[in-house]
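Trainee: This is run_35.tsv (TSV, C-alpha atoms and all ligand atoms).
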```tsv
chain	number	residue	atom	x	y	z
O	601	MET	CA	-117.46	58.10	-80.84
O	602	LEU	CA	-116.91	61.85	-80.79
O	603	LYS	CA	-119.84	64.16	-80.22
O	604	VAL	CA	-120.68	66.14	-83.32
O	605	LEU	CA	-121.88	69.70	-82.73
O	606	PHE	CA	-123.42	71.83	-85.49
O	607	ALA	CA	-121.53	75.14	-85.67
O	608	PRO	CA	-123.42	78.41	-85.66
O	609	LEU	CA	-123.48	80.07	-89.09
O	610	GLN	CA	-125.16	83.46	-89.22
O	611	GLY	CA	-127.64	83.55	-92.11
O	612	TYR	CA	-127.64	79.76	-92.57
O	613	THR	CA	-128.36	77.74	-89.43
O	614	THR	CA	-131.63	79.49	-88.62
O	615	GLY	CA	-134.25	78.02	-86.29
O	616	ILE	CA	-136.11	76.35	-89.13
O	617	TYR	CA	-132.86	75.04	-90.67
O	618	ARG	CA	-131.85	73.44	-87.35
O	619	ALA	CA	-135.28	71.87	-86.83
O	620	ALA	CA	-135.45	70.53	-90.39
O	621	HIS	CA	-131.92	69.15	-90.20
O	622	ALA	CA	-132.63	67.38	-86.91
O	623	LYS	CA	-135.81	65.84	-88.29
O	624	ILE	CA	-134.38	64.61	-91.59
O	625	PHE	CA	-130.65	63.95	-91.08
O	626	GLY	CA	-129.84	64.16	-87.36
O	627	GLY	CA	-126.65	62.75	-85.82
O	628	ILE	CA	-126.02	66.03	-83.99
O	629	GLU	CA	-125.46	66.28	-80.23
O	630	ALA	CA	-126.35	70.00	-80.12
O	631	TYR	CA	-127.00	72.86	-82.51
O	632	TYR	CA	-125.25	76.13	-81.66
O	633	ALA	CA	-127.35	79.14	-82.63
O	634	PRO	CA	-125.69	82.11	-84.37
O	635	PHE	CA	-124.72	84.86	-81.94
O	636	LEU	CA	-127.20	87.07	-80.16
O	637	ARG	CA	-126.02	90.67	-80.04
O	638	ILE	CA	-126.88	94.03	-78.59
O	639	GLU	CA	-128.75	96.41	-80.85
O	640	ASN	CA	-129.59	99.88	-79.50
O	641	GLY	CA	-128.86	98.76	-75.97
O	642	HIS	CA	-131.11	95.67	-76.11
O	643	PRO	CA	-130.79	92.05	-77.20
O	644	ARG	CA	-131.69	91.91	-80.89
O	645	GLU	CA	-135.35	90.86	-81.08
O	646	ARG	CA	-135.03	88.95	-84.35
O	647	ASP	CA	-132.25	86.78	-82.94
O	648	LEU	CA	-134.24	86.07	-79.78
O	649	ARG	CA	-137.30	85.06	-81.80
O	650	ASP	CA	-135.21	82.72	-83.93
O	651	LEU	CA	-134.29	80.72	-80.82
O	652	GLU	CA	-137.87	79.56	-80.41
O	653	THR	CA	-138.76	76.23	-81.97
O	654	PRO	CA	-140.50	76.98	-85.27
O	655	ALA	CA	-144.18	76.08	-85.31
O	656	GLY	CA	-145.23	73.10	-87.40
O	657	VAL	CA	-141.99	71.13	-87.14
O	658	PRO	CA	-142.31	68.32	-84.62
O	659	GLY	CA	-139.50	67.52	-82.21
O	660	SER	CA	-137.09	70.10	-80.94
O	661	PRO	CA	-133.36	69.66	-81.34
O	662	ARG	CA	-131.05	70.62	-78.51
O	663	VAL	CA	-130.19	74.26	-79.22
O	664	ILE	CA	-127.50	76.18	-77.38
O	665	PRO	CA	-127.67	79.95	-77.80
O	666	GLN	CA	-124.54	82.03	-78.22
O	667	VAL	CA	-123.78	85.61	-77.22
O	668	ILE	CA	-121.19	88.09	-78.50
O	669	ALA	CA	-120.17	90.94	-76.20
O	670	ASN	CA	-117.32	93.41	-75.70
O	671	SER	CA	-117.79	94.01	-71.99
O	672	VAL	CA	-119.24	92.44	-68.90
O	673	GLU	CA	-122.17	94.91	-69.16
O	674	GLU	CA	-123.15	93.69	-72.64
O	675	PHE	CA	-122.59	90.10	-71.58
O	676	LYS	CA	-124.97	90.44	-68.61
O	677	ILE	CA	-127.78	91.96	-70.67
O	678	LEU	CA	-127.60	89.13	-73.21
O	679	ALA	CA	-127.15	86.30	-70.72
O	680	ASP	CA	-130.07	87.60	-68.62
O	681	ALA	CA	-132.36	87.68	-71.67
O	682	LEU	CA	-131.48	84.05	-72.45
O	683	LEU	CA	-131.85	82.86	-68.86
O	684	GLN	CA	-135.26	84.52	-68.76
O	685	LYS	CA	-136.23	82.59	-71.85
O	686	GLY	CA	-135.38	79.40	-69.97
O	687	PHE	CA	-132.03	78.53	-71.54
O	688	THR	CA	-129.57	76.99	-69.10
O	689	GLU	CA	-126.53	76.69	-71.37
O	690	ILE	CA	-124.91	79.66	-73.09
O	691	ASP	CA	-121.92	79.81	-75.43
O	692	PHE	CA	-119.68	82.89	-75.49
O	693	ASN	CA	-118.26	83.98	-78.85
O	694	MET	CA	-114.57	84.95	-78.96
O	695	GLY	CA	-114.03	83.92	-82.55
O	696	CYS	CA	-116.10	86.01	-84.94
O	697	PRO	CA	-113.71	87.72	-87.40
O	698	PHE	CA	-116.28	90.00	-89.11
O	699	PRO	CA	-114.75	93.52	-89.11
O	700	MET	CA	-118.09	94.96	-87.90
O	701	GLN	CA	-117.67	92.97	-84.67
O	702	VAL	CA	-113.85	92.95	-84.39
O	703	ASN	CA	-113.70	96.76	-84.71
O	704	ARG	CA	-116.18	96.99	-81.84
O	705	HIS	CA	-113.91	94.80	-79.74
O	706	ARG	CA	-116.12	91.72	-80.01
O	707	GLY	CA	-115.51	88.16	-81.24
O	708	SER	CA	-111.84	87.58	-82.08
O	709	GLY	CA	-111.35	91.31	-81.44
O	710	LEU	CA	-111.65	90.57	-77.73
O	711	LEU	CA	-108.94	87.92	-77.56
O	712	GLY	CA	-106.14	90.45	-77.08
O	713	ASP	CA	-107.86	92.12	-74.12
O	714	THR	CA	-107.06	89.98	-71.09
O	715	GLN	CA	-108.77	92.40	-68.71
O	716	ALA	CA	-112.14	92.41	-70.49
O	717	VAL	CA	-112.05	88.62	-70.83
O	718	GLN	CA	-111.15	88.29	-67.14
O	719	ALA	CA	-114.17	90.45	-66.20
O	720	ILE	CA	-116.53	88.37	-68.34
O	721	MET	CA	-115.10	85.11	-66.99
O	722	GLY	CA	-115.64	86.50	-63.47
O	723	GLU	CA	-119.30	87.05	-64.33
O	724	ILE	CA	-119.53	83.51	-65.73
O	725	ALA	CA	-118.08	82.15	-62.48
O	726	ARG	CA	-120.55	84.22	-60.44
O	727	GLN	CA	-123.56	83.16	-62.52
O	728	SER	CA	-122.48	79.50	-62.55
O	729	ALA	CA	-122.35	79.54	-58.74
O	730	THR	CA	-125.72	81.20	-58.19
O	731	GLU	CA	-127.89	80.38	-61.21
O	732	THR	CA	-128.59	77.11	-62.95
O	733	ALA	CA	-126.68	78.38	-65.97
O	734	ARG	CA	-123.65	76.74	-67.54
O	735	PHE	CA	-121.30	78.35	-69.99
O	736	SER	CA	-118.92	77.39	-72.79
O	737	VAL	CA	-116.54	79.41	-74.96
O	738	LYS	CA	-115.99	79.29	-78.73
O	739	MET	CA	-112.75	80.92	-79.75
O	740	ARG	CA	-109.92	81.33	-82.20
O	741	LEU	CA	-106.22	81.35	-81.39
O	742	GLY	CA	-106.12	85.13	-81.53
O	743	GLN	CA	-106.88	88.11	-83.70
O	744	ASP	CA	-103.23	88.68	-84.71
O	745	SER	CA	-101.18	86.00	-82.92
O	746	PRO	CA	-101.66	82.65	-81.15
O	747	ASP	CA	-99.97	84.22	-78.13
O	748	GLU	CA	-103.37	85.76	-77.35
O	749	ALA	CA	-105.05	82.39	-76.69
O	750	PHE	CA	-102.15	81.21	-74.53
O	751	ALA	CA	-102.21	84.43	-72.50
O	752	LEU	CA	-105.93	83.81	-71.85
O	753	LEU	CA	-105.67	80.10	-71.10
O	754	PRO	CA	-104.85	80.40	-67.36
O	755	ILE	CA	-107.95	82.62	-66.93
O	756	LEU	CA	-110.11	80.21	-68.93
O	757	ASN	CA	-108.71	77.23	-67.02
O	758	ASP	CA	-109.80	78.88	-63.75
O	759	THR	CA	-113.37	79.56	-64.98
O	760	PRO	CA	-116.12	76.95	-64.63
O	761	LEU	CA	-116.78	76.16	-68.30
O	762	THR	CA	-118.49	73.07	-69.72
O	763	HIS	CA	-116.02	73.08	-72.63
O	764	ILE	CA	-114.03	75.23	-75.04
O	765	THR	CA	-114.41	75.01	-78.80
O	766	LEU	CA	-111.25	76.04	-80.62
O	767	HIS	CA	-111.06	77.05	-84.28
O	768	PRO	CA	-107.28	77.12	-84.73
O	769	ARG	CA	-107.03	80.14	-87.00
O	770	LEU	CA	-106.47	83.83	-86.36
O	771	GLY	CA	-109.22	86.40	-86.77
O	772	LYS	CA	-107.19	88.18	-89.42
O	773	GLN	CA	-107.31	85.01	-91.57
O	774	GLN	CA	-111.13	85.09	-91.59
O	775	TYR	CA	-112.21	81.64	-92.91
O	776	LYS	CA	-109.28	80.93	-95.22
O	777	GLY	CA	-105.62	80.11	-94.89
O	778	ALA	CA	-103.85	77.36	-93.01
O	779	ILE	CA	-105.12	75.80	-89.80
O	780	ASP	CA	-102.47	76.05	-87.07
O	781	ILE	CA	-102.36	72.43	-85.87
O	782	LYS	CA	-99.22	72.96	-83.78
O	783	SER	CA	-100.95	75.62	-81.69
O	784	PHE	CA	-104.08	73.48	-81.50
O	785	GLU	CA	-102.05	70.61	-80.07
O	786	LYS	CA	-100.38	72.86	-77.51
O	787	PHE	CA	-103.80	74.17	-76.48
O	788	TYR	CA	-105.12	70.59	-76.32
O	789	ARG	CA	-102.30	69.66	-73.90
O	790	GLU	CA	-102.67	72.74	-71.71
O	791	CYS	CA	-106.44	73.23	-71.62
O	792	ARG	CA	-108.04	71.81	-68.46
O	793	HIS	CA	-111.59	71.87	-69.86
O	794	PRO	CA	-113.08	69.39	-72.31
O	795	LEU	CA	-111.93	70.62	-75.73
O	796	VAL	CA	-113.88	70.59	-79.00
O	797	TYR	CA	-112.10	70.90	-82.35
O	798	ASN	CA	-113.58	73.12	-85.07
O	799	GLY	CA	-112.39	73.95	-88.59
O	800	ASN	CA	-112.45	72.58	-92.17
O	801	ILE	CA	-114.00	69.17	-91.45
O	802	THR	CA	-115.68	67.95	-94.62
O	803	ASP	CA	-115.67	64.15	-94.52
O	804	VAL	CA	-116.03	61.15	-92.24
O	805	SER	CA	-112.43	60.00	-92.61
O	806	GLN	CA	-111.24	63.32	-91.15
O	807	ILE	CA	-113.45	62.85	-88.09
O	808	ASN	CA	-112.11	59.31	-87.64
O	809	GLU	CA	-108.55	60.60	-87.91
O	810	ILE	CA	-109.16	63.38	-85.37
O	811	GLU	CA	-110.72	60.84	-83.00
O	812	ARG	CA	-107.65	58.63	-83.33
O	813	ARG	CA	-105.10	61.43	-82.92
O	814	TYR	CA	-106.75	63.21	-79.99
O	815	PRO	CA	-108.22	60.60	-77.64
O	816	ASN	CA	-109.04	63.19	-74.98
O	817	LEU	CA	-111.05	65.40	-77.31
O	818	ALA	CA	-114.65	66.05	-76.21
O	819	GLY	CA	-116.04	66.44	-79.72
O	820	VAL	CA	-115.92	68.13	-83.08
O	821	MET	CA	-117.92	71.13	-84.22
O	822	ILE	CA	-118.70	71.29	-87.94
O	823	GLY	CA	-120.10	74.21	-89.93
O	824	ARG	CA	-119.60	74.50	-93.68
O	825	GLY	CA	-118.96	70.74	-94.03
O	826	LEU	CA	-122.48	70.06	-92.72
O	827	LEU	CA	-124.05	72.75	-94.92
O	828	ALA	CA	-122.39	71.02	-97.88
O	829	ARG	CA	-123.26	67.50	-96.72
O	830	PRO	CA	-126.06	67.53	-94.14
O	831	SER	CA	-125.69	63.74	-93.74
O	832	LEU	CA	-122.07	64.03	-92.53
O	833	ALA	CA	-122.77	63.57	-88.81
O	834	SER	CA	-125.17	60.65	-89.25
O	835	GLU	CA	-122.76	59.01	-91.70
O	836	TYR	CA	-119.99	59.25	-89.09
O	837	ARG	CA	-122.27	57.69	-86.48
O	838	THR	CA	-123.56	54.84	-88.63
O	839	GLY	CA	-120.36	54.29	-90.63
O	840	ALA	CA	-122.45	54.05	-93.81
O	841	THR	CA	-122.95	56.45	-96.71
O	842	GLU	CA	-126.46	57.94	-96.85
O	843	SER	CA	-128.09	56.17	-99.78
O	844	LYS	CA	-131.14	58.45	-99.87
O	845	PHE	CA	-129.13	61.68	-99.76
O	846	ILE	CA	-130.90	63.57	-102.54
O	847	SER	CA	-134.43	62.63	-101.48
O	848	LYS	CA	-133.64	63.54	-97.87
O	849	LEU	CA	-132.13	66.83	-98.98
O	850	PHE	CA	-135.34	67.47	-100.89
O	851	GLN	CA	-137.43	66.69	-97.78
O	852	MET	CA	-135.31	68.96	-95.62
O	853	HIS	CA	-135.63	71.77	-98.12
O	854	GLN	CA	-139.42	71.27	-98.33
O	855	ILE	CA	-139.74	71.93	-94.59
O	856	ILE	CA	-137.74	75.16	-94.89
O	857	PHE	CA	-139.56	76.18	-98.09
O	858	GLU	CA	-143.00	75.57	-96.55
O	859	HIS	CA	-142.04	77.59	-93.48
O	860	ALA	CA	-140.78	80.48	-95.65
O	861	ARG	CA	-143.99	80.47	-97.71
O	862	GLN	CA	-146.04	80.72	-94.55
O	863	THR	CA	-143.83	83.32	-92.88
O	864	PHE	CA	-142.91	85.73	-95.68
O	865	GLN	CA	-144.77	87.39	-98.50
O	866	GLY	CA	-143.93	87.90	-102.14
O	867	ASP	CA	-141.63	85.89	-104.34
O	868	SER	CA	-138.47	87.89	-103.69
O	869	GLN	CA	-138.79	87.79	-99.89
O	870	ILE	CA	-139.47	84.06	-99.86
O	871	LEU	CA	-136.66	83.36	-102.30
O	872	ALA	CA	-134.23	85.42	-100.22
O	873	HIS	CA	-134.87	83.04	-97.33
O	874	VAL	CA	-134.56	79.77	-99.22
O	875	GLN	CA	-131.99	80.26	-101.96
O	876	SER	CA	-129.12	80.42	-99.44
O	877	PHE	CA	-129.94	76.81	-98.45
O	878	TRP	CA	-128.12	75.77	-101.64
O	879	ASP	CA	-125.03	78.01	-101.28
O	880	TYR	CA	-122.74	75.21	-100.07
O	881	LEU	CA	-124.54	72.38	-101.88
O	882	GLU	CA	-123.17	73.06	-105.35
O	883	PRO	CA	-120.92	69.94	-105.38
O	884	SER	CA	-123.75	67.71	-104.11
O	885	ILE	CA	-126.39	68.34	-106.77
O	886	PRO	CA	-126.38	68.42	-110.60
O	887	LYS	CA	-124.72	71.60	-111.94
O	888	LYS	CA	-127.68	72.46	-114.15
O	889	THR	CA	-130.14	72.22	-111.26
O	890	PHE	CA	-127.89	74.35	-109.05
O	891	LYS	CA	-127.73	77.09	-111.69
O	892	ARG	CA	-131.51	77.08	-112.24
O	893	ILE	CA	-132.16	77.23	-108.50
O	894	LYS	CA	-129.79	80.15	-107.96
O	895	LYS	CA	-130.98	82.08	-111.00
O	896	ALA	CA	-134.72	81.69	-110.31
O	897	GLY	CA	-136.44	85.04	-109.80
O	898	LYS	CA	-139.95	83.62	-109.52
O	899	LEU	CA	-141.21	81.13	-106.99
O	900	SER	CA	-142.75	78.85	-109.61
O	901	VAL	CA	-139.45	78.62	-111.52
O	902	TYR	CA	-137.58	77.96	-108.29
O	903	ALA	CA	-139.98	75.22	-107.12
O	904	ASP	CA	-139.79	73.59	-110.54
O	905	ALA	CA	-135.97	73.62	-110.48
O	906	VAL	CA	-135.87	72.07	-107.00
O	907	SER	CA	-138.37	69.37	-107.99
O	908	THR	CA	-136.04	68.13	-110.77
O	909	LEU	CA	-133.84	66.74	-108.00
O	910	LEU	CA	-136.31	63.90	-107.55
O	911	PRO	CA	-135.65	60.99	-109.94
O	912	GLU	CA	-139.29	60.85	-111.11
O	913	ASN	CA	-138.98	64.45	-112.33
O	914	GLN	CA	-135.78	64.03	-114.30
O	915	HIS	CA	-136.92	64.21	-117.89
O	916	GLU	CA	-133.59	65.07	-119.46
H	1001	LIG	C1	-121.29	82.70	-92.96
H	1001	LIG	C2	-120.71	82.32	-91.63
H	1001	LIG	C3	-121.37	82.71	-90.45
H	1001	LIG	C4	-120.85	82.37	-89.19
H	1001	LIG	N1	-121.51	82.76	-88.04
H	1001	LIG	C5	-120.99	82.42	-86.83
H	1001	LIG	C6	-121.66	82.77	-85.59
H	1001	LIG	O1	-122.73	83.39	-85.56
H	1001	LIG	N2	-121.06	82.39	-84.42
H	1001	LIG	C7	-119.88	81.70	-84.39
H	1001	LIG	O2	-119.39	81.37	-83.32
H	1001	LIG	N3	-119.26	81.34	-85.53
H	1001	LIG	C8	-119.79	81.68	-86.73
H	1001	LIG	N4	-119.15	81.27	-87.86
H	1001	LIG	C9	-117.96	80.39	-87.75
H	1001	LIG	C10	-118.36	78.91	-87.79
H	1001	LIG	O3	-119.17	78.58	-86.67
H	1001	LIG	C11	-117.12	78.00	-87.76
H	1001	LIG	O4	-116.36	78.29	-86.61
H	1001	LIG	C12	-116.23	78.22	-89.00
H	1001	LIG	O5	-117.00	78.23	-90.18
H	1001	LIG	C13	-115.15	77.12	-89.09
H	1001	LIG	O6	-115.74	75.85	-89.09
H	1001	LIG	P1	-116.07	75.03	-90.46
H	1001	LIG	O7	-114.78	75.00	-91.25
H	1001	LIG	O8	-116.52	73.68	-89.99
H	1001	LIG	O9	-117.13	75.80	-91.19
H	1001	LIG	C14	-119.65	81.62	-89.11
H	1001	LIG	C15	-119.00	81.21	-90.30
H	1001	LIG	C16	-119.52	81.55	-91.54
H	1001	LIG	C17	-118.79	81.08	-92.79
```
As structure tokens, what does this structure read like?
Ligand SMILES: Cc1cc2nc3c(=O)[nH]c(=O)nc-3n(C[C@H](O)[C@H](O)[C@H](O)COP(=O)(O)O)c2cc1C

Mentor:
Amino acid sequence: MLKVLFAPLQGYTTGIYRAAHAKIFGGIEAYYAPFLRIENGHPRERDLRDLETPAGVPGSPRVIPQVIANSVEEFKILADALLQKGFTEIDFNMGCPFPMQVNRHRGSGLLGDTQAVQAIMGEIARQSATETARFSVKMRLGQDSPDEAFALLPILNDTPLTHITLHPRLGKQQYKGAIDIKSFEKFYRECRHPLVYNGNITDVSQINEIERRYPNLAGVMIGRGLLARPSLASEYRTGATESKFISKLFQMHQIIFEHARQTFQGDSQILAHVQSFWDYLEPSIPKKTFKRIKKAGKLSVYADAVSTLLPENQHE
């Protein structure tokens, strides 16, 4: 069985989302938190707060924080903040294609800079030797060409990493366009660390096929496929389709909704935090319900639309 890791998705896999998913659906080995970044010289407070287990939700899933940095200086500030918070595993982002980050030489914008990566990997080696910290890397093949990943591979191979997660696209492709399986397979052969595959997994048969084709793979990381079908990982583990999908989805949403109502004030603020839950779920729920949920401008209308998901509330 491959390990299934929940990919970090800025704006979606928040602390409360991760906790609610773990409680209701599960099947996930670890949840990767969206990247922590530097804001005005300091780790962004909001991101740090979101790493704490939300109050009121029992059980805490295994959460691995991620940092994005363009230099060893930024990297140290962020890693120190996380180590101080008690985290012992940190993921380093070399894959984010958002122009805001790429233009600042972060995420996939760093892949072409062997020197900066070498300096950060040196810091990872130093910290792994002296602290209790362990590090992993999440990356793409390059910003402009897969040559970038292969130029970095000897450096990465020499760094003590727990694993590498590879999303075999280029930064310039963003989240669309073909996956470069040929380059993935070359990387799989040449990478000396445990390797995790990431990109476009949406159903159980794909995971089974990946498991069969790449017997040395350490796991798969899934993002949008899990947002669209939160039962995907548990269905892979059990081999059975989730028969209570809609009622579990409802329960998961209730946890997030309740948390938003307690945390934020006013209909529009609360709605801004819960409506995105449905963004990727359009194919999984009735079209009419999806439209009503997304169009709702008042909390009462929204709650009513969500409640029609339950069979006892389906009058039409
Ligand atoms: C809206 C959005 C936000 C994302 N935020 C992050 C992030 O904070 N850190 C990161 O490493 N990847 C981020 N990603 C990339 C995903 O983790 C993942 O690598 C990508 O979506 C491909 O996997 P998938 O096809 O399974 O979704 C983001 C992707 C999307 C669509």

Trainee: Could you list, with a cut-off of 9 Å and counting all atoms listed in the file, the residues of region 702-790 of chain O near region 673-684 of chain O, each shown with its nearest atom pair and the distance in Å rounded to one decimal, rows sorted by chain and ascending number, as JSON lines?

Mentor:
```
{"residue": "O:Ile720", "atom": "CA", "partner": "O:Phe675", "partner_atom": "CA", "distance": 7.1}
{"residue": "O:Glu723", "atom": "CA", "partner": "O:Lys676", "partner_atom": "CA", "distance": 7.9}
{"residue": "O:Glu731", "atom": "CA", "partner": "O:Leu683", "partner_atom": "CA", "distance": 9.0}
{"residue": "O:Thr732", "atom": "CA", "partner": "O:Leu683", "partner_atom": "CA", "distance": 8.9}
{"residue": "O:Ala733", "atom": "CA", "partner": "O:Leu683", "partner_atom": "CA", "distance": 7.4}
```

Trainee: Go ahead and compute the interatomic distance for CA of Ala905 (chain O) and CA of Phe890 (chain O), in Å to one decimal.

Mentor: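 About the pair CA of Ala905 (chain O) and CA of Phe890 (chain O): they are 8.2 Å apart.
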
Trainee: Choose the residue, out of O:Val804, O:Leu753, O:Ala622, O:Val667, that has the smallest atom-to-atom separation from Arg644 (chain O); count all atoms listed in the file.

Mentor: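 Residue with the minimum atom-to-atom distance to Arg644 (chain O): O:Val667.
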
Trainee: Which residues form the shell of 10 Å around ligand LIG 1001 (chain H) when you count all atoms listed in the file, given as JSON, numbers by chain?

Mentor: {"O": [605, 606, 607, 608, 609, 610, 611, 612, 613, 632, 633, 634, 635, 636, 637, 665, 666, 667, 668, 691, 692, 693, 694, 695, 696, 697, 698, 707, 708, 737, 738, 739, 740, 765, 766, 767, 768, 769, 774, 775, 776, 779, 797, 798, 799, 800, 801, 802, 820, 821, 822, 823, 824, 825, 826, 827, 828]}

Trainee: Looking at all atoms listed in the file, which of O:Thr759, O:Leu711, O:Asp904, O:Met601 is the one that sits closest to Ile807 (chain O)?

Mentor: O:Met601
